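Participant: The file below is final.cif, mmCIF, C-alpha atoms:
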```cif
data_model
loop_
_atom_site.label_atom_id
_atom_site.label_comp_id
_atom_site.auth_asym_id
_atom_site.auth_seq_id
_atom_site.Cartn_x
_atom_site.Cartn_y
_atom_site.Cartn_z
CA MET H 23 -46.81 -177.68 36.44
CA PRO H 24 -46.15 -176.48 40.01
CA PHE H 25 -46.50 -178.85 42.94
CA GLY H 26 -47.94 -177.19 46.00
CA THR H 27 -48.01 -179.86 48.69
CA LYS H 28 -45.16 -181.64 50.39
CA ASN H 29 -46.23 -185.04 49.01
CA GLN H 30 -46.51 -183.64 45.50
CA ARG H 31 -43.02 -182.21 45.76
CA LYS H 32 -41.70 -185.59 46.91
CA ALA H 33 -43.39 -187.28 43.96
CA TRP H 34 -41.91 -184.75 41.56
CA VAL H 35 -38.41 -185.27 42.94
CA CYS H 36 -38.71 -189.05 42.52
CA PHE H 37 -39.95 -188.58 38.94
CA MET H 38 -37.07 -186.27 38.03
CA LEU H 39 -34.54 -188.68 39.50
CA ILE H 40 -35.97 -191.52 37.40
CA VAL H 41 -35.92 -189.40 34.23
CA ALA H 42 -32.35 -188.28 34.86
CA SER H 43 -31.22 -191.85 35.39
CA LEU H 44 -32.47 -192.94 31.95
CA ALA H 45 -29.91 -190.89 30.02
CA PRO H 46 -26.16 -191.49 29.91
CA VAL H 47 -24.44 -188.93 32.10
CA GLN H 48 -20.94 -187.56 32.60
CA GLY H 49 -22.03 -186.48 36.08
CA ARG H 50 -24.70 -187.79 38.42
CA SER H 51 -28.45 -187.42 38.65
CA GLY H 52 -29.18 -184.85 41.34
CA ILE H 53 -32.38 -182.87 41.44
CA GLY H 54 -33.99 -181.33 38.40
CA PRO H 55 -32.78 -181.66 34.80
CA GLY H 56 -29.20 -181.95 33.67
CA GLU H 57 -26.07 -183.66 34.88
CA GLN H 58 -24.58 -182.67 38.22
CA GLU H 59 -21.79 -183.34 40.68
CA TRP H 60 -21.41 -182.41 44.33
CA ASP H 61 -19.00 -183.08 47.16
CA TYR H 62 -17.31 -181.77 50.29
CA VAL H 63 -13.77 -180.43 50.46
CA GLU H 64 -11.90 -180.22 53.76
CA VAL H 65 -10.21 -176.86 53.24
CA ARG H 66 -8.69 -176.75 56.71
CA ARG H 67 -8.55 -179.30 59.50
CA GLY H 68 -12.15 -179.88 60.54
CA ALA H 69 -13.53 -177.18 58.18
CA HIS H 70 -15.56 -178.35 55.18
CA LEU H 71 -16.93 -176.47 52.19
CA PHE H 72 -19.62 -177.94 49.93
CA TYR H 73 -19.98 -177.47 46.18
CA TRP H 74 -22.73 -178.36 43.73
CA LEU H 75 -21.86 -178.36 40.03
CA PHE H 76 -24.50 -178.09 37.32
CA TYR H 77 -23.20 -179.03 33.89
CA THR H 78 -24.68 -176.80 31.22
CA THR H 79 -27.82 -177.98 29.46
CA ALA H 80 -26.91 -175.93 26.35
CA ASN H 81 -27.06 -177.76 23.03
CA VAL H 82 -23.34 -178.38 22.71
CA SER H 83 -21.28 -181.47 21.93
CA SER H 84 -19.22 -181.05 25.12
CA PHE H 85 -19.63 -179.06 28.33
CA THR H 86 -16.13 -177.67 27.72
CA GLU H 87 -17.58 -175.50 24.94
CA ARG H 88 -19.15 -173.31 27.62
CA PRO H 89 -17.51 -171.39 30.49
CA LEU H 90 -17.54 -172.30 34.17
CA ILE H 91 -19.18 -169.77 36.50
CA ILE H 92 -18.64 -169.87 40.25
CA TRP H 93 -21.58 -168.37 42.16
CA LEU H 94 -21.01 -167.07 45.70
CA GLN H 95 -23.94 -165.90 47.83
CA GLY H 96 -23.86 -162.97 50.24
CA GLY H 97 -24.73 -162.75 53.90
CA PRO H 98 -22.14 -163.53 55.04
CA GLY H 99 -23.45 -167.04 55.60
CA VAL H 100 -26.34 -167.34 53.11
CA ALA H 101 -26.19 -170.62 51.19
CA SER H 102 -25.55 -170.67 47.44
CA THR H 103 -27.24 -174.08 47.33
CA GLY H 104 -30.41 -172.42 48.59
CA SER H 105 -30.95 -168.93 47.24
CA GLY H 106 -28.52 -169.34 44.36
CA VAL H 107 -29.89 -172.61 43.05
CA PHE H 108 -33.61 -172.33 43.80
CA GLU H 109 -34.35 -168.60 43.90
CA GLN H 110 -31.99 -167.13 41.34
CA LEU H 111 -29.85 -169.11 38.88
CA GLY H 112 -30.66 -172.82 38.98
CA PRO H 113 -32.74 -174.75 36.42
CA ILE H 114 -35.86 -175.14 38.62
CA ASP H 115 -37.53 -173.64 41.67
CA ILE H 116 -38.85 -175.57 44.67
CA GLU H 117 -42.19 -176.10 42.92
CA GLY H 118 -40.52 -177.88 40.04
CA ARG H 119 -41.09 -175.05 37.60
CA PRO H 120 -38.32 -174.57 35.01
CA ARG H 121 -36.50 -171.26 35.15
CA GLU H 122 -36.26 -169.70 31.72
CA SER H 123 -33.49 -167.37 32.91
CA SER H 124 -31.35 -170.12 34.45
CA TRP H 125 -27.64 -169.63 33.86
CA VAL H 126 -27.27 -173.39 33.47
CA ARG H 127 -28.90 -173.04 30.05
CA HIS H 128 -25.78 -171.20 28.90
CA ALA H 129 -22.88 -172.20 31.13
CA ASN H 130 -21.60 -174.66 33.70
CA VAL H 131 -22.39 -173.26 37.14
CA LEU H 132 -20.59 -174.16 40.36
CA PHE H 133 -22.50 -173.18 43.50
CA VAL H 134 -20.31 -173.03 46.62
CA ASP H 135 -21.61 -172.88 50.18
CA SER H 136 -19.10 -170.47 51.70
CA PRO H 137 -17.79 -169.60 54.31
CA VAL H 138 -17.39 -172.96 56.07
CA GLY H 139 -20.48 -173.73 58.12
CA THR H 140 -22.81 -172.29 55.48
CA GLY H 141 -25.50 -174.38 53.76
CA PHE H 142 -24.34 -177.98 53.56
CA GLY H 143 -20.84 -176.98 54.69
CA TYR H 144 -19.87 -177.64 58.28
CA VAL H 145 -17.18 -177.32 60.93
CA GLU H 146 -16.17 -180.20 63.19
CA GLU H 147 -15.57 -179.67 66.88
CA HIS H 148 -11.82 -179.43 66.34
CA GLY H 149 -12.25 -177.09 63.33
CA SER H 150 -12.78 -173.36 63.16
CA PHE H 151 -14.95 -170.84 61.36
CA ALA H 152 -13.38 -168.19 59.14
CA ARG H 153 -12.66 -164.95 60.97
CA THR H 154 -11.46 -162.85 58.03
CA ASN H 155 -12.41 -162.43 54.40
CA ARG H 156 -8.90 -163.43 53.42
CA GLN H 157 -9.38 -166.76 55.18
CA ILE H 158 -12.62 -167.25 53.23
CA ALA H 159 -10.72 -166.53 50.01
CA ILE H 160 -7.90 -168.93 50.85
CA ASP H 161 -10.45 -171.64 51.70
CA LEU H 162 -12.06 -171.12 48.29
CA VAL H 163 -8.69 -171.44 46.56
CA THR H 164 -8.14 -174.73 48.38
CA LEU H 165 -11.56 -175.92 47.22
CA MET H 166 -10.77 -174.99 43.61
CA ARG H 167 -7.43 -176.78 43.72
CA THR H 168 -9.25 -179.96 44.74
CA PHE H 169 -12.09 -179.39 42.28
CA LEU H 170 -9.76 -178.92 39.30
CA ARG H 171 -7.78 -182.02 40.21
CA LYS H 172 -11.02 -184.01 40.29
CA TYR H 173 -12.42 -182.46 37.09
CA PRO H 174 -9.30 -181.64 35.05
CA ARG H 175 -11.23 -180.80 31.86
CA PHE H 176 -12.32 -177.56 33.52
CA ARG H 177 -8.69 -176.38 33.73
CA GLN H 178 -8.81 -175.06 30.18
CA VAL H 179 -12.37 -173.71 30.36
CA PRO H 180 -12.80 -169.93 30.86
CA LEU H 181 -13.61 -169.29 34.52
CA HIS H 182 -15.73 -166.43 35.87
CA ILE H 183 -16.57 -165.58 39.49
CA PHE H 184 -19.97 -163.97 40.09
CA SER H 185 -21.45 -162.88 43.40
CA GLU H 186 -23.74 -160.35 45.05
CA SER H 187 -24.07 -158.39 48.29
CA TYR H 188 -21.42 -159.48 50.83
CA GLY H 189 -19.89 -161.42 47.95
CA GLY H 190 -18.78 -157.99 46.75
CA LYS H 191 -16.10 -158.21 49.44
CA VAL H 192 -15.34 -161.92 49.20
CA ALA H 193 -15.28 -162.45 45.43
CA PRO H 194 -12.56 -159.88 44.65
CA GLU H 195 -10.35 -161.26 47.41
CA PHE H 196 -10.95 -164.81 46.19
CA ALA H 197 -10.10 -163.76 42.63
CA LEU H 198 -6.85 -162.14 43.79
CA GLU H 199 -5.82 -165.16 45.87
CA LEU H 200 -6.68 -167.50 42.99
CA HIS H 201 -4.62 -165.37 40.61
CA MET H 202 -1.61 -165.49 42.95
CA ALA H 203 -2.01 -169.24 43.44
CA ARG H 204 -1.98 -169.66 39.68
CA GLN H 205 1.20 -167.59 39.42
CA ARG H 206 2.82 -169.91 41.97
CA HIS H 207 1.64 -172.91 39.87
CA HIS H 208 -0.49 -174.14 42.78
CA VAL H 209 -3.65 -174.16 40.70
CA ASP H 210 -4.31 -174.41 36.96
CA CYS H 211 -7.30 -172.38 35.77
CA GLN H 212 -8.34 -169.76 33.21
CA LEU H 213 -9.78 -167.02 35.42
CA LYS H 214 -11.15 -164.29 33.17
CA SER H 215 -13.44 -162.09 35.27
CA VAL H 216 -14.88 -161.34 38.68
CA VAL H 217 -18.31 -159.69 38.70
CA VAL H 218 -20.16 -158.39 41.76
CA GLY H 219 -23.78 -157.28 42.02
CA ASN H 220 -25.09 -154.63 44.43
CA PRO H 221 -21.86 -155.13 46.34
CA TRP H 222 -21.12 -154.49 50.01
CA THR H 223 -17.55 -153.70 48.93
CA SER H 224 -17.32 -150.42 50.83
CA PRO H 225 -19.95 -150.65 53.57
CA LEU H 226 -19.48 -147.12 54.86
CA ASP H 227 -20.11 -145.65 51.42
CA SER H 228 -23.34 -147.63 51.22
CA ILE H 229 -24.42 -146.53 54.69
CA LEU H 230 -23.63 -142.83 54.18
CA SER H 231 -25.76 -142.85 51.02
CA TYR H 232 -28.93 -143.98 52.80
CA ALA H 233 -30.24 -140.64 54.06
CA PRO H 234 -29.75 -138.57 50.87
CA PHE H 235 -30.95 -141.45 48.69
CA LEU H 236 -34.17 -141.86 50.67
CA LEU H 237 -34.76 -138.11 50.77
CA GLN H 238 -34.29 -137.76 47.00
CA LEU H 239 -36.70 -140.62 46.38
CA GLY H 240 -39.29 -138.98 48.60
CA ILE H 241 -39.31 -141.94 51.00
CA VAL H 242 -38.28 -139.85 54.03
CA ASP H 243 -38.83 -136.22 54.93
CA GLU H 244 -36.28 -133.83 56.47
CA ASN H 245 -36.84 -135.29 59.95
CA GLY H 246 -36.16 -138.82 58.75
CA TYR H 247 -33.15 -137.57 56.82
CA ARG H 248 -31.67 -135.95 59.94
CA THR H 249 -32.27 -139.03 62.10
CA ILE H 250 -30.69 -141.44 59.63
CA SER H 251 -27.80 -139.06 58.86
CA LYS H 252 -26.99 -138.69 62.57
CA LEU H 253 -26.77 -142.45 63.11
CA ALA H 254 -24.76 -142.93 59.92
CA GLY H 255 -22.35 -140.25 61.15
CA GLU H 256 -21.94 -142.02 64.49
CA LEU H 257 -21.23 -145.27 62.66
CA ALA H 258 -18.67 -143.47 60.49
CA GLY H 259 -16.94 -142.26 63.64
CA HIS H 260 -16.52 -145.86 64.80
CA VAL H 261 -15.12 -146.79 61.38
CA TYR H 262 -12.58 -143.95 61.39
CA ALA H 263 -11.50 -145.06 64.86
CA GLY H 264 -11.11 -148.67 63.70
CA MET H 265 -13.84 -149.81 66.10
CA TRP H 266 -15.29 -152.37 63.70
CA PHE H 267 -17.49 -154.28 66.13
CA ARG H 268 -19.10 -151.09 67.46
CA ALA H 269 -19.72 -149.99 63.88
CA LEU H 270 -21.44 -153.29 63.14
CA MET H 271 -23.63 -152.95 66.23
CA LYS H 272 -24.65 -149.45 65.12
CA VAL H 273 -26.08 -150.95 61.91
CA SER H 274 -29.00 -152.37 63.93
CA ASP H 275 -29.88 -148.88 65.24
CA LEU H 276 -29.65 -147.50 61.73
CA GLN H 277 -31.90 -150.16 60.24
CA LYS H 278 -34.51 -149.57 62.95
CA ALA H 279 -34.44 -145.84 62.24
CA ILE H 280 -34.97 -146.52 58.54
CA THR H 281 -37.92 -148.78 59.30
CA ASP H 282 -39.47 -146.21 61.63
CA SER H 283 -38.86 -143.25 59.30
CA THR H 284 -40.11 -144.96 56.14
CA GLY H 285 -43.00 -146.99 57.48
CA GLY H 286 -41.13 -150.19 56.70
CA VAL H 287 -39.81 -149.70 53.15
CA PHE H 288 -38.37 -152.91 51.66
CA ILE H 289 -34.61 -152.34 51.85
CA TYR H 290 -33.83 -154.81 49.03
CA ASN H 291 -36.09 -152.98 46.54
CA THR H 292 -37.61 -149.66 47.55
CA GLN H 293 -40.39 -149.98 44.95
CA ARG H 294 -41.47 -153.56 45.64
CA ARG H 295 -45.01 -153.98 46.93
CA VAL H 296 -44.69 -155.68 50.32
CA HIS H 297 -47.58 -156.47 52.65
CA VAL H 298 -47.30 -155.18 56.18
CA ASP H 299 -47.33 -158.75 57.53
CA GLU H 300 -44.72 -160.03 55.09
CA GLU H 301 -41.36 -160.91 56.59
CA TYR H 302 -38.37 -161.39 54.33
CA ARG H 303 -34.89 -162.45 55.28
CA TYR H 304 -32.32 -162.79 52.52
CA GLY H 305 -32.02 -166.47 51.51
CA GLU H 306 -34.16 -167.74 54.39
CA ASP H 307 -37.50 -168.68 52.86
CA PRO H 308 -39.02 -171.32 55.22
CA GLN H 309 -40.54 -173.35 52.36
CA MET H 310 -37.20 -173.44 50.56
CA SER H 311 -35.45 -174.53 53.76
CA GLU H 312 -37.89 -177.41 54.25
CA PHE H 313 -37.54 -178.46 50.61
CA ILE H 314 -33.75 -178.57 50.82
CA ARG H 315 -33.61 -180.35 54.17
CA THR H 316 -35.95 -183.07 52.92
CA ASN H 317 -36.05 -183.49 49.13
CA VAL H 318 -32.65 -182.10 48.19
CA THR H 319 -30.86 -183.80 51.07
CA ARG H 320 -32.31 -187.16 49.99
CA ALA H 321 -31.68 -186.60 46.29
CA LEU H 322 -28.02 -185.78 46.94
CA ARG H 323 -27.78 -188.62 49.47
CA LEU H 324 -26.63 -186.36 52.31
CA GLU H 325 -28.93 -187.72 55.02
CA ASN H 326 -25.98 -188.65 57.25
CA MET H 327 -24.30 -185.26 56.94
CA PRO H 328 -24.91 -182.16 59.10
CA VAL H 329 -28.25 -180.48 58.46
CA TRP H 330 -28.41 -177.76 55.79
CA MET H 331 -28.26 -174.26 57.29
CA GLU H 332 -30.02 -171.39 55.50
CA GLN H 333 -28.16 -168.81 57.64
CA ASN H 334 -25.59 -169.82 60.20
CA GLY H 335 -25.34 -167.12 62.87
CA THR H 336 -21.95 -168.40 64.00
CA VAL H 337 -20.56 -167.74 60.52
CA PHE H 338 -21.74 -164.13 60.72
CA ASN H 339 -20.55 -163.57 64.28
CA SER H 340 -17.11 -165.01 63.54
CA LEU H 341 -16.61 -162.34 60.89
CA CYS H 342 -17.86 -159.46 63.05
CA HIS H 343 -14.58 -157.51 62.83
CA ASP H 344 -14.42 -157.74 59.02
CA ILE H 345 -18.02 -157.08 57.96
CA ILE H 346 -17.79 -153.27 57.92
CA LYS H 347 -14.20 -153.08 56.61
CA PRO H 348 -13.84 -151.93 52.99
CA ALA H 349 -12.41 -154.15 50.25
CA THR H 350 -11.73 -151.38 47.72
CA LYS H 351 -7.95 -151.85 47.87
CA ILE H 352 -8.45 -155.44 46.74
CA VAL H 353 -10.41 -154.19 43.71
CA SER H 354 -7.61 -151.74 42.90
CA ARG H 355 -5.04 -154.53 43.10
CA LEU H 356 -7.08 -156.68 40.72
CA LEU H 357 -7.20 -153.82 38.23
CA ASP H 358 -3.50 -152.99 38.57
CA GLU H 359 -1.82 -156.35 39.11
CA THR H 360 -3.86 -158.78 37.01
CA GLU H 361 -5.48 -159.13 33.57
CA ILE H 362 -8.79 -160.12 35.17
CA GLN H 363 -11.83 -158.14 34.05
CA VAL H 364 -13.70 -156.55 36.97
CA GLY H 365 -17.44 -156.02 36.68
CA ILE H 366 -19.97 -154.29 38.92
CA TYR H 367 -23.71 -154.19 38.41
CA SER H 368 -26.26 -152.37 40.52
CA GLY H 369 -30.04 -152.57 40.64
CA ILE H 370 -30.93 -148.91 41.12
CA LEU H 371 -33.89 -149.61 43.43
CA ASP H 372 -31.74 -151.24 46.12
CA LEU H 373 -31.27 -149.46 49.45
CA LEU H 374 -29.02 -151.91 51.30
CA CYS H 375 -26.17 -151.43 48.82
CA ALA H 376 -27.55 -148.32 47.16
CA THR H 377 -26.19 -147.30 43.77
CA PRO H 378 -25.05 -143.81 44.93
CA GLY H 379 -22.78 -145.39 47.56
CA THR H 380 -21.34 -147.77 44.98
CA MET H 381 -20.65 -144.87 42.63
CA ASN H 382 -18.83 -143.02 45.43
CA TRP H 383 -16.30 -145.77 46.11
CA ILE H 384 -15.80 -146.49 42.42
CA GLY H 385 -15.03 -142.81 41.93
CA ARG H 386 -12.21 -143.01 44.51
CA LEU H 387 -10.58 -146.18 43.13
CA MET H 388 -6.95 -145.65 42.21
CA TRP H 389 -5.30 -147.72 39.47
CA SER H 390 -3.01 -147.03 36.54
CA ARG H 391 -5.76 -147.02 33.90
CA ARG H 392 -8.41 -145.15 35.86
CA MET H 393 -8.58 -142.34 33.28
CA GLU H 394 -9.63 -144.84 30.62
CA TYR H 395 -12.66 -145.64 32.72
CA SER H 396 -13.30 -142.05 33.77
CA GLU H 397 -13.30 -140.80 30.17
CA ALA H 398 -15.25 -143.72 28.71
CA PRO H 399 -18.79 -142.96 27.53
CA ARG H 400 -21.78 -144.16 29.54
CA THR H 401 -24.20 -145.71 27.08
CA PRO H 402 -27.72 -147.17 27.31
CA PHE H 403 -28.35 -150.85 26.72
CA ARG H 404 -31.63 -152.15 25.34
CA ILE H 405 -33.14 -155.62 25.07
CA ASP H 406 -35.80 -156.14 22.41
CA GLY H 407 -36.05 -152.39 22.10
CA ILE H 408 -36.63 -151.79 25.83
CA LEU H 409 -34.22 -149.59 27.77
CA GLU H 410 -32.89 -151.77 30.61
CA GLY H 411 -30.08 -149.59 31.96
CA TYR H 412 -26.66 -148.13 31.23
CA GLU H 413 -23.13 -149.44 30.90
CA LYS H 414 -19.61 -148.02 31.06
CA HIS H 415 -16.32 -149.80 30.28
CA GLY H 416 -12.69 -148.75 30.56
CA GLY H 417 -9.37 -149.82 32.07
CA LYS H 418 -10.63 -153.41 32.65
CA LEU H 419 -13.50 -152.09 34.79
CA SER H 420 -17.15 -152.33 33.77
CA MET H 421 -20.20 -150.84 35.48
CA PHE H 422 -23.86 -151.58 34.76
CA TRP H 423 -26.81 -149.60 36.10
CA VAL H 424 -29.92 -151.81 35.98
CA PHE H 425 -33.50 -150.54 35.75
CA ARG H 426 -36.46 -152.18 37.50
CA ALA H 427 -34.18 -154.07 39.88
CA GLY H 428 -33.13 -153.92 43.49
CA HIS H 429 -30.62 -155.96 45.45
CA LEU H 430 -31.44 -159.20 43.63
CA VAL H 431 -30.97 -158.27 39.99
CA GLN H 432 -31.35 -161.82 38.66
CA GLN H 433 -34.79 -162.08 40.25
CA ASP H 434 -36.00 -158.56 39.49
CA ASN H 435 -34.69 -158.13 35.94
CA PRO H 436 -33.40 -161.44 34.53
CA ALA H 437 -33.26 -160.04 30.98
CA ALA H 438 -30.76 -157.34 32.00
CA MET H 439 -28.82 -159.87 34.07
CA GLY H 440 -28.62 -162.16 31.04
CA TYR H 441 -27.16 -159.27 29.03
CA ILE H 442 -24.49 -158.71 31.70
CA LEU H 443 -23.75 -162.42 31.94
CA LYS H 444 -23.16 -162.69 28.20
CA TYR H 445 -20.99 -159.57 28.15
CA PHE H 446 -18.44 -161.20 30.46
CA THR H 447 -18.70 -164.89 29.57
CA GLN H 448 -19.35 -164.59 25.82
CA PHE H 449 -21.33 -167.84 25.90
CA GLY H 450 -22.84 -169.16 22.67
#
```
What does the file become when written as structure tokens?
Facilitator:
Amino acid sequence: MPFGTKNQRKAWVCFMLIVASLAPVQGRSGIGPGEQEWDYVEVRRGAHLFYWLFYTTANVSSFTERPLIIWLQGGPGVASTGSGVFEQLGPIDIEGRPRESSWVRHANVLFVDSPVGTGFGYVEEHGSFARTNRQIAIDLVTLMRTFLRKYPRFRQVPLHIFSESYGGKVAPEFALELHMARQRHHVDCQLKSVVVGNPWTSPLDSILSYAPFLLQLGIVDENGYRTISKLAGELAGHVYAGMWFRALMKVSDLQKAITDSTGGVFIYNTQRRVHVDEEYRYGEDPQMSEFIRTNVTRALRLENMPVWMEQNGTVFNSLCHDIIKPATKIVSRLLDETEIQVGIYSGILDLLCATPGTMNWIGRLMWSRRMEYSEAPRTPFRIDGILEGYEKHGGKLSMFWVFRAGHLVQQDNPAAMGYILKYFTQFG
């Protein structure tokens, strides 16, 4: 039963904590059902990441029978402990309603607030924010080294990295750094796959796809097409000149032009019904923020720690020279230099990281087994007889096209997302 008022939510949290405390646990009682663990890791001097582990609630004799999934949010700077836990993958939402599509039902899920300064993570006065994606990746490797020392039973559990949006740049680099750390015997893990959804892996490809995509959908006319194309071309010029900050600034002009030309189409799902007065910012729901800063903070006993941040502007600004840079070479290295499976899924109604742009950069990827992927058949996948999309596999690369979904596939089409999740993790 949902709880609508602040007092009702507080009462529900207290009840769930009492219930959780009645059963023997391998972890701690956090918020909602199941056993959990959470902690900070100082990944650099004065720079702290935060993780929140949900042990699987699957009917198994030991949690080690199920894989460990690391979930990284996008942004950069959106908190996994917010959107990831309460809007997408976690066992309950902020009203206390169970989520039937929760990944915790099938696997152990580790939510990480990254980069430092995101969510519950923080930076001390003498610390520093990450300025490159590689620094973010190295920080995550440091966190995993500490995590696996503290929870050694996870060392032999299959490990999968999942992410979306800006995570499409961070997750591949993290996977590569983790692989190299394992080769150097600095970390002991069983990394099997890295999977990115509606990824911002090659930002320019995404941006150059906007005008033709909107025109083909009938969302803009020829005038809107020309306006958006012109701005995208100017941004491309900055990219070719290596003027990354100017390119990032041009994004604001481009987004305004899209809003003006489309009458305010919802960029995360072009077919979603959105009221003219509705304002949406990725991972920044005000009710969720209040819930986390009060109920979650108390339940996890973090009252004396820095306040939870739904979107830390300093995190974003610190990365301003890396946000528009492509990460496609990292994906090629994963495919050529490692045995890690690489997965990409795309909700076809997304504009921000539109599927045509994703297809363009995938088509240019160079690796030794690229012909295996190129020549592989593209086949439909169905769930309970319903066509949910298409899939293609070859040369350690997998691509999924997802129907009835935009940028947030887990929210828009959880059935299709569950199919993708099982493909890589083989849970159950």
Participant: Given the file shown, determine the residues that the PyMOL selection byres ((chain H and resi 173) around 12) selects; report them as a ChimeraX atom specification.
Facilitator: /H:48-49,59-60,75,77,85-86,90,166-172,174-179,210-211
Participant: Just to confirm, what's the straight-line distance from CA of Tyr144 in chain H to CA of Glu64 in chain H in Å (one decimal)?
Facilitator: 9.5 Å
Participant: Expanded to explicit residues, what is the PyMOL selection byres ((chain H and resi 201-208) around 10) for this file, as a ChimeraX atom specification?
Facilitator: /H:160,163-164,167,195-200,209-214,356,359-362
Participant: Please save C-alpha atoms of the selected residues as a PDB file, in the frame of the given file.
Facilitator:
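Output saved as out_26.pdb:
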```
ATOM      1  CA  ILE H 160      -7.900-168.930  50.850  1.00  0.00           C
ATOM      2  CA  VAL H 163      -8.690-171.440  46.560  1.00  0.00           C
ATOM      3  CA  THR H 164      -8.140-174.730  48.380  1.00  0.00           C
ATOM      4  CA  ARG H 167      -7.430-176.780  43.720  1.00  0.00           C
ATOM      5  CA  GLU H 195     -10.350-161.260  47.410  1.00  0.00           C
ATOM      6  CA  PHE H 196     -10.950-164.810  46.190  1.00  0.00           C
ATOM      7  CA  ALA H 197     -10.100-163.760  42.630  1.00  0.00           C
ATOM      8  CA  LEU H 198      -6.850-162.140  43.790  1.00  0.00           C
ATOM      9  CA  GLU H 199      -5.820-165.160  45.870  1.00  0.00           C
ATOM     10  CA  LEU H 200      -6.680-167.500  42.990  1.00  0.00           C
ATOM     11  CA  VAL H 209      -3.650-174.160  40.700  1.00  0.00           C
ATOM     12  CA  ASP H 210      -4.310-174.410  36.960  1.00  0.00           C
ATOM     13  CA  CYS H 211      -7.300-172.380  35.770  1.00  0.00           C
ATOM     14  CA  GLN H 212      -8.340-169.760  33.210  1.00  0.00           C
ATOM     15  CA  LEU H 213      -9.780-167.020  35.420  1.00  0.00           C
ATOM     16  CA  LYS H 214     -11.150-164.290  33.170  1.00  0.00           C
ATOM     17  CA  LEU H 356      -7.080-156.680  40.720  1.00  0.00           C
ATOM     18  CA  GLU H 359      -1.820-156.350  39.110  1.00  0.00           C
ATOM     19  CA  THR H 360      -3.860-158.780  37.010  1.00  0.00           C
ATOM     20  CA  GLU H 361      -5.480-159.130  33.570  1.00  0.00           C
ATOM     21  CA  ILE H 362      -8.790-160.120  35.170  1.00  0.00           C
TER      22      ILE H 362
END
```
Participant: Would you translate the PyMOL selection byres ((chain H and resi 226) around 8) into the concrete set of residues it matches in this file, as a VMD selection string?
Facilitator: chain H and resid 224 to 225 227 to 230 258 261 346 348
Participant: Quick one: everything within 10 Å of Met271 in chain H, counting all atoms listed in the file, minus sequence neighbours fewer than 5 positions away in the same chain. Send it as number ranges by chain.
Facilitator: H: 257, 266, 276, 342
Participant: Output requested as a tab-separated table (two decimals), keeping the file's coordinate frame - range 301-312 of chain H, filled out with N, CA and C atoms.
Facilitator:
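Output (result.tsv):
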```tsv
chain	number	residue	atom	x	y	z
H	301	GLU	N	-42.71	-160.96	56.03
H	301	GLU	CA	-41.36	-160.91	56.59
H	301	GLU	C	-40.41	-161.56	55.59
H	302	TYR	N	-39.34	-160.86	55.28
H	302	TYR	CA	-38.37	-161.39	54.33
H	302	TYR	C	-36.98	-161.31	54.92
H	303	ARG	N	-36.29	-162.42	54.89
H	303	ARG	CA	-34.89	-162.45	55.28
H	303	ARG	C	-34.12	-163.08	54.14
H	304	TYR	N	-33.10	-162.40	53.70
H	304	TYR	CA	-32.32	-162.79	52.52
H	304	TYR	C	-31.90	-164.26	52.58
H	305	GLY	N	-32.41	-165.06	51.62
H	305	GLY	CA	-32.02	-166.47	51.51
H	305	GLY	C	-32.61	-167.38	52.55
H	306	GLU	N	-33.65	-166.94	53.28
H	306	GLU	CA	-34.16	-167.74	54.39
H	306	GLU	C	-35.65	-168.05	54.25
H	307	ASP	N	-36.11	-168.31	53.05
H	307	ASP	CA	-37.50	-168.68	52.86
H	307	ASP	C	-37.80	-170.01	53.55
H	308	PRO	N	-38.76	-170.08	54.47
H	308	PRO	CA	-39.02	-171.32	55.22
H	308	PRO	C	-39.39	-172.51	54.32
H	309	GLN	N	-40.17	-172.26	53.26
H	309	GLN	CA	-40.54	-173.35	52.36
H	309	GLN	C	-39.32	-173.89	51.63
H	310	MET	N	-38.42	-173.00	51.21
H	310	MET	CA	-37.20	-173.44	50.56
H	310	MET	C	-36.34	-174.25	51.53
H	311	SER	N	-36.25	-173.81	52.77
H	311	SER	CA	-35.45	-174.53	53.76
H	311	SER	C	-35.98	-175.94	53.97
H	312	GLU	N	-37.31	-176.08	54.07
H	312	GLU	CA	-37.89	-177.41	54.25
H	312	GLU	C	-37.62	-178.28	53.03
```
